[in-house]
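Written out below as structure tokens is the structure these notes cover.
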Amino acid sequence: MNAASFLPLAQLGDDFFSDRSEASCIRDNGAFCLDWVVDNLDRYVAPTQEHLVLVLVSVAIGFLIAFAMALASHRRRWLVPPFLGATGVLYTVPSLAFFFLLLPITGRGTDTAIIALTAYTLQIIYRNIVAGLANVPPETKDAARGVGMTDRQMLWRVELPMALPEIVAGVRIATVSTVAIASLAVFAGGGGLGTEILDDLTFRTGVVVVGLILIVMALVFDLLLVLLQRRLTRWSRASDAARGVGSSRLGPLRRPAWTGR
Amino acid sequence: MAVKPNRLGAAEALSVSYEETTKIYPDADAPAVDALTLDVAAGEICVLVGPSGCGKTTAMRMVNRMVDITSGDIRLGDHSVLDRAPAELRREVGYVIQQIGLFPHQTIGQNIATVPRMLGWTKEAIAARVDELTALIGLDPELRDRYPSQLSGGQQQRVGVARALAANPGVMLMDEPFGAVDPINRERLQNEFLRLQAEVRKTILFVTHDIDEAIKMGDRIAILKEGGELAQYATPAELLMAPADEFVEDFVGSDRALKRLSLMRVSDINLWQAPLAFVGQTCAEVRAKLESAEVPHALLVDSERRPLGWLSDRDLESEVVPARADSSPDPILDVSDVLRDALSDVLQAESHYAPVVDGSGRIAGVLSLEIVQEFLTSDDALTDEHPAAERPLTST
């Protein structure tokens with residue numbers, strides 16, 4: 001037996017580690033080994049796609065359910081407290097616990113993950129739709145009825161469009177939170193970027209890369225939804241401008257000194 | 001006009017008849033409106049006025065069934081409002097509220113087009129109607145694509161009126177439409193609205209708590225007491241001349257006499273005539289006329305009979321009438337002046353008489369403090385009916 005058989009790494013290492021910084025970075029478990037990331041980018045494509053699907057499907061289903069609940073409780077106000085209570089409970093249950101609770105019922109897999117993530121979005125979206133509808137001024141509703149709108153016309157032509165800023169805001173919060181929580185879907189066998197973390201929790205670069213992807217994903221979703229919101233609610237920014245909100249005219253700061261006298 | 005007839009009977013104004021209309025709100029001890037019977041002729045403005053809690057708004061809102069009628073009926077033209085589906089009925093009755101209630105998420109043009117769109121007008125018909133209405137309310141066409149929040153309160157109120165007029169309803173309901181506007185703009189909106197009404201001639205139910213607004217806007221005024229009881233239904237002049245009871249008298253206010261003056265124009269009363277003197281005429285002639293004259297002063301006029309000044313006794317001592325009079329003719333009033341303003345001018349000038357001229361500046365007569373006083377106690381003030389809409393009380 002020669003030395004080489006006892007120390008295969010060391011033997012390899014002398015020419016391997018010394019002229020490749022990546023290798024030393026990996027060996028030292030550096031916080032972020034760029035070269036390694038560049039070389040291994042492919043391995044993140046599939047988990048990222050899974051993650052996107054988890055988020056999009058959960059938020060979409062969550063929105064549809066919350067929207068249906070909001071419509072149902074819109075003319076039946078007594079439904080609002082039980083709906084808020086029920087979605088509140090779903091929201092409060094820790095996601096990890098929820099995954100494990102569902103396992104005996106739905107088994108491991110993407111479905112289980114989506115059910116839990118969807119349940120989590122309901123409270124945020126439902127609460128915002130209800131608030132948006134409730135914030136429509138009574139005189140606007142009176143005028144809508146006065147010009148002869150039916151309840152349904154009033155809902156679709158006046159109340160929902162006016163509630164859009166709040167509704168989109170709810171979807172934004174729900175989406176961004178779901179991006180984060182979907183990392184836990186791996187515990188339900190739902191895949192996603194969580195798999196890459198769980199794969200080797202001690203590998204620092206791997207964890208950092210996943211974190212960066214999650215941040216970028218959340219920012220991109222948020223940006224897209226902001227753009228959507230702006231497109232859908234030009235009128236609301238017109239109101240803000242008319243009120244001087246967000247304009248550069250900061251009244252008190254620019255008040256001439258003599259007004260104090 | 002890009003206007004379609006509607007089921008209630010085309011674009012014509014409709015009469016409104018309350019028939020023992022009663023509203024009792026659930027859990028209320030007393031009716032909000034108690035067996036109200038009231039006829040509003042087509043094309044008239046009927047102002048419902050009274051203290052708060054008198055049921056005036058409830059009475060108005062029963063017309064388009066925003067408030068359900070407990071018993072009795074309301075007829076628009078020949079049709080009972082109870083025979084119609086509420087939403088359908090409301091599309092044919094204009095509705096303007098104090099808070100305006102424009103849809104903030106729609107442009108001005110879309111707001112105005114609300115009812116025609118629900119009625120399924122063609123795009124072209126709607127566009128034409130929006131153009132017509134923006135012109136009618138005097139709104140800059142460029143504002144059509146703005147949102148309500150970008151307009152001033154007065155502009156928004158005009159748009160509210162345009163939206164109510166869009167499908168050419170036979171009846172308009174207006175609930176304190178100018179209540180939230182500052183006094184200067186309110187005056188302007190009122191005048192504008194009267195000019196508009198002279199053009200469109202709708203039957204209008206107008207709710208206000210302000211008796212001055214009622215007198216200005218109403219062809220007829222219905223004063224309601226608490227509990228929705230009709231205290232008096234009369235023309236503004238009648239109401240001011242002969243209040244039916246103490247309640248009406250109190251509500252109308254102690255300055256009834258002055259309020260009546262604001263309903264009249266100088267041309268509405270019989271003016272006195274002053275002896276006229278032309279330059280170069282002999283003074284003896286003028287002095288002779290003075291002896292039998294209503295006005296004890298001679299008025300110097302030019303060859304076009306335009307007043308130049310009052311001649312004093314000293315002026316008339318000479319042989320012929322001089323070219324200049326001793327005292328100025330001011331204030332010179334116009335026949336179209338509102339009597340109240342005219343009186344104020346006379347009082348302010350510390351004068352007793354004031355020459356009144358017609359549109360071309362020629363002398364039409366003389367207003368004296370006595371005639372105003374006589375007029376206020378005469379029956380003329382009562383029998384003269386002055387539809388406010390025909391003659392908006394602006395001095396312009």
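Letters A, B, ... go to the chains of the structure tokens in the order shown; residues in each chain start at 1; ligands are counted from 1 in the same order.
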
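Here is the contact set of chain A against chain B, at 6 Å and counting only C-alpha atoms: Glu139, Thr140, Ala143, Gly146, Val147, Gly148, Met149, Thr150, Trp235, Ser239 and Ala242 of chain A.
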
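Within stretch 82-207 of chain B, residues classed as strand (DSSP E or B) by DSSP on backbone coordinates are B:Val93, B:Gly94, B:Tyr95, B:Val96, B:Ile97, B:Val171, B:Met172, B:Leu173, B:Met174, B:Asp175, B:Thr203, B:Ile204, B:Leu205, B:Phe206, B:Val207.
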
Can those selected residues be exported to a file as a PDB file, in the first residue's frame so that it contains N, CA and C atoms?
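Wrote it out as selection-v6.pdb, contents follow:
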```pdb
ATOM      1  N   VAL B  93     -85.590  58.001 -14.485  1.00  0.00           N
ATOM      2  CA  VAL B  93     -85.761  59.138 -13.587  1.00  0.00           C
ATOM      3  C   VAL B  93     -84.358  59.642 -13.233  1.00  0.00           C
ATOM      4  N   GLY B  94     -84.087  60.901 -13.542  1.00  0.00           N
ATOM      5  CA  GLY B  94     -82.759  61.444 -13.222  1.00  0.00           C
ATOM      6  C   GLY B  94     -82.588  61.562 -11.719  1.00  0.00           C
ATOM      7  N   TYR B  95     -81.353  61.410 -11.244  1.00  0.00           N
ATOM      8  CA  TYR B  95     -81.124  61.376  -9.805  1.00  0.00           C
ATOM      9  C   TYR B  95     -79.817  62.096  -9.495  1.00  0.00           C
ATOM     10  N   VAL B  96     -79.913  63.161  -8.736  1.00  0.00           N
ATOM     11  CA  VAL B  96     -78.732  63.948  -8.366  1.00  0.00           C
ATOM     12  C   VAL B  96     -78.719  64.078  -6.852  1.00  0.00           C
ATOM     13  N   ILE B  97     -77.569  63.757  -6.223  1.00  0.00           N
ATOM     14  CA  ILE B  97     -77.499  63.857  -4.769  1.00  0.00           C
ATOM     15  C   ILE B  97     -76.429  64.847  -4.348  1.00  0.00           C
ATOM     16  N   VAL B 171     -88.466  62.944 -15.523  1.00  0.00           N
ATOM     17  CA  VAL B 171     -88.498  63.508 -14.175  1.00  0.00           C
ATOM     18  C   VAL B 171     -87.084  63.494 -13.608  1.00  0.00           C
ATOM     19  N   MET B 172     -86.729  64.539 -12.884  1.00  0.00           N
ATOM     20  CA  MET B 172     -85.430  64.581 -12.212  1.00  0.00           C
ATOM     21  C   MET B 172     -85.647  64.746 -10.716  1.00  0.00           C
ATOM     22  N   LEU B 173     -84.869  64.011  -9.946  1.00  0.00           N
ATOM     23  CA  LEU B 173     -84.893  64.152  -8.495  1.00  0.00           C
ATOM     24  C   LEU B 173     -83.562  64.760  -8.073  1.00  0.00           C
ATOM     25  N   MET B 174     -83.629  65.821  -7.295  1.00  0.00           N
ATOM     26  CA  MET B 174     -82.383  66.465  -6.875  1.00  0.00           C
ATOM     27  C   MET B 174     -82.413  66.674  -5.363  1.00  0.00           C
ATOM     28  N   ASP B 175     -81.499  65.999  -4.678  1.00  0.00           N
ATOM     29  CA  ASP B 175     -81.481  66.040  -3.216  1.00  0.00           C
ATOM     30  C   ASP B 175     -80.374  66.986  -2.745  1.00  0.00           C
ATOM     31  N   THR B 203     -89.515  67.899 -15.384  1.00  0.00           N
ATOM     32  CA  THR B 203     -90.240  68.008 -14.125  1.00  0.00           C
ATOM     33  C   THR B 203     -89.220  67.695 -13.041  1.00  0.00           C
ATOM     34  N   ILE B 204     -89.057  68.617 -12.101  1.00  0.00           N
ATOM     35  CA  ILE B 204     -87.982  68.438 -11.134  1.00  0.00           C
ATOM     36  C   ILE B 204     -88.516  68.480  -9.707  1.00  0.00           C
ATOM     37  N   LEU B 205     -88.170  67.479  -8.942  1.00  0.00           N
ATOM     38  CA  LEU B 205     -88.403  67.525  -7.499  1.00  0.00           C
ATOM     39  C   LEU B 205     -87.079  67.872  -6.861  1.00  0.00           C
ATOM     40  N   PHE B 206     -87.059  68.957  -6.131  1.00  0.00           N
ATOM     41  CA  PHE B 206     -85.809  69.534  -5.638  1.00  0.00           C
ATOM     42  C   PHE B 206     -85.919  69.635  -4.122  1.00  0.00           C
ATOM     43  N   VAL B 207     -85.062  68.934  -3.421  1.00  0.00           N
ATOM     44  CA  VAL B 207     -85.107  68.958  -1.956  1.00  0.00           C
ATOM     45  C   VAL B 207     -84.062  69.937  -1.423  1.00  0.00           C
TER      46      VAL B 207
END
```

Surrounding residues of B:Thr70 excluding itself and chain neighbours under 6 positions, 9 Å, only C-alpha atoms, as a JSON list (two decimals) with C-alpha atoms, in the first residue's frame:
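File around35.json, as written:
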```
[["chain", "number", "residue", "atom", "x", "y", "z"],
["B", 21, "THR", "CA", -98.32, 58.48, -0.25],
["B", 22, "THR", "CA", -97.21, 57.24, 3.14],
["B", 23, "LYS", "CA", -93.90, 55.95, 4.42],
["B", 24, "ILE", "CA", -93.52, 54.30, 7.78],
["B", 25, "TYR", "CA", -90.01, 53.03, 8.47]]
```

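If only C-alpha atoms are the atoms counted, then among B:Asp337, B:Val16, B:Asp29, B:Leu308 the closest residue to B:Ala59 is B:Val16.
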
| Selection near B:Ala298, 8 Å with only C-alpha atoms, sequence-local residues under 4 positions removed, as a list of chain:residue names | B:Ala274, B:Pro275, B:Leu276, B:Ala277, B:Val286, B:Leu290, B:Trp310, B:Leu311, B:Ser312

Using C-alpha atoms, can you export the residues from the last selection as a PDB file, in the first residue's frame?
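Just written: part.pdb:
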```
ATOM      1  CA  ALA B 274     -91.839 112.062 -14.332  1.00  0.00           C
ATOM      2  CA  PRO B 275     -92.420 115.160 -16.474  1.00  0.00           C
ATOM      3  CA  LEU B 276     -89.755 115.044 -19.168  1.00  0.00           C
ATOM      4  CA  ALA B 277     -87.832 118.125 -20.221  1.00  0.00           C
ATOM      5  CA  VAL B 286     -92.174 122.024 -18.070  1.00  0.00           C
ATOM      6  CA  LEU B 290     -95.007 119.465 -13.075  1.00  0.00           C
ATOM      7  CA  TRP B 310     -82.983 116.001 -12.449  1.00  0.00           C
ATOM      8  CA  LEU B 311     -83.884 119.664 -12.962  1.00  0.00           C
ATOM      9  CA  SER B 312     -84.076 121.795  -9.831  1.00  0.00           C
TER      10      SER B 312
END
```

| remark: With distances taken over only C-alpha atoms, the candidate from B:Thr37, B:Ser327, B:Ser351, B:Gln373 nearest B:Gln232 is B:Thr37

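If you count only C-alpha atoms and ignore residues fewer than 3 places along the chain from B:Phe251, what sits within 9 Å of it is Gly50, Pro51, Ile211, Ile223, Glu246, Phe247, Val248 and Ser254 of chain B.
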
Please produce a file of the residues just selected, as a compact mmCIF listing (two decimals), in the first residue's frame, where the atoms kept are N, CA and C atoms.
```
# COMPACT_ATOMS: atom_id res chain seq x y z
N GLY B 50 -88.26 72.09 4.18
CA GLY B 50 -88.74 71.94 5.54
C GLY B 50 -87.58 71.66 6.46
N PRO B 51 -87.84 71.69 7.77
CA PRO B 51 -86.76 71.43 8.73
C PRO B 51 -86.30 69.98 8.62
N ILE B 211 -84.68 77.98 2.65
CA ILE B 211 -85.88 78.62 2.09
C ILE B 211 -85.52 79.59 0.96
N ILE B 223 -93.97 73.07 1.48
CA ILE B 223 -93.34 73.13 2.79
C ILE B 223 -93.86 71.97 3.63
N GLU B 246 -98.76 79.56 11.14
CA GLU B 246 -97.62 80.10 11.87
C GLU B 246 -96.32 79.37 11.51
N PHE B 247 -96.45 78.06 11.33
CA PHE B 247 -95.28 77.26 11.00
C PHE B 247 -94.63 77.76 9.71
N VAL B 248 -95.46 77.97 8.69
CA VAL B 248 -94.94 78.44 7.40
C VAL B 248 -94.35 79.84 7.58
N SER B 254 -88.83 86.30 8.88
CA SER B 254 -89.47 87.60 9.11
C SER B 254 -89.17 88.59 7.99
```

| request: Using only C-alpha atoms, determine which residues lie at most 10 Å from A:Cys25, disregarding the query and same-chain residues fewer than 5 positions distant; provide the list as a list in words. | output: Phe17, Arg20, Gly30, Ala31, Phe32, Cys33, Leu34, Asp35, Trp36 and Thr205 of chain A

Output the selection as an mmCIF file, in the first residue's frame - C-alpha atoms for each residue.
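Okay, again.cif is ready:
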```cif
data_model
loop_
_atom_site.group_PDB
_atom_site.id
_atom_site.type_symbol
_atom_site.label_atom_id
_atom_site.label_comp_id
_atom_site.auth_asym_id
_atom_site.auth_seq_id
_atom_site.Cartn_x
_atom_site.Cartn_y
_atom_site.Cartn_z
ATOM 1 C CA PHE A 17 -7.135 22.272 -5.137
ATOM 2 C CA ARG A 20 -8.696 25.906 -8.729
ATOM 3 C CA GLY A 30 -17.300 29.438 1.719
ATOM 4 C CA ALA A 31 -20.415 31.596 1.929
ATOM 5 C CA PHE A 32 -20.700 31.956 -1.808
ATOM 6 C CA CYS A 33 -18.586 30.133 -4.342
ATOM 7 C CA LEU A 34 -19.364 31.870 -7.605
ATOM 8 C CA ASP A 35 -17.554 29.488 -9.890
ATOM 9 C CA TRP A 36 -19.317 26.531 -8.393
ATOM 10 C CA THR A 205 -23.211 28.274 -1.024
#
```

| In stretch 162-254 of chain A, DSSP alpha helix (DSSP H) residues written as a PyMOL selection string | chain A and resi 162-181+194-199+204-232+234-243+251-254

| task | Name the residues in contact with B:Ile332 at a cut-off of 7 Å, using only C-alpha atoms, excluding same-chain residues fewer than 6 positions from it; report them as number ranges by chain. | result | B: 354-356

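Note that the spacing between atom CA of B:Val357 and atom CA of B:Leu343 amounts to 15.0 Å.
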
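Note that the spacing between atom CA of A:Leu193 and atom CA of A:Ala113 amounts to 12.9 Å.
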
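For the pair atom CA of B:Pro322 and atom CA of B:Gly280, the separation is 6.8 Å.
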
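Closest approach to A:Thr118 among A:Asn40, A:Gln153, A:Ser58, A:Ser236 is made by A:Ser58 (distances from only C-alpha atoms).
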
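With distances restricted to only C-alpha atoms, A:Val89 is the closest residue to A:Leu122 from A:Val89, A:Gly190, A:Leu224, A:Leu52.
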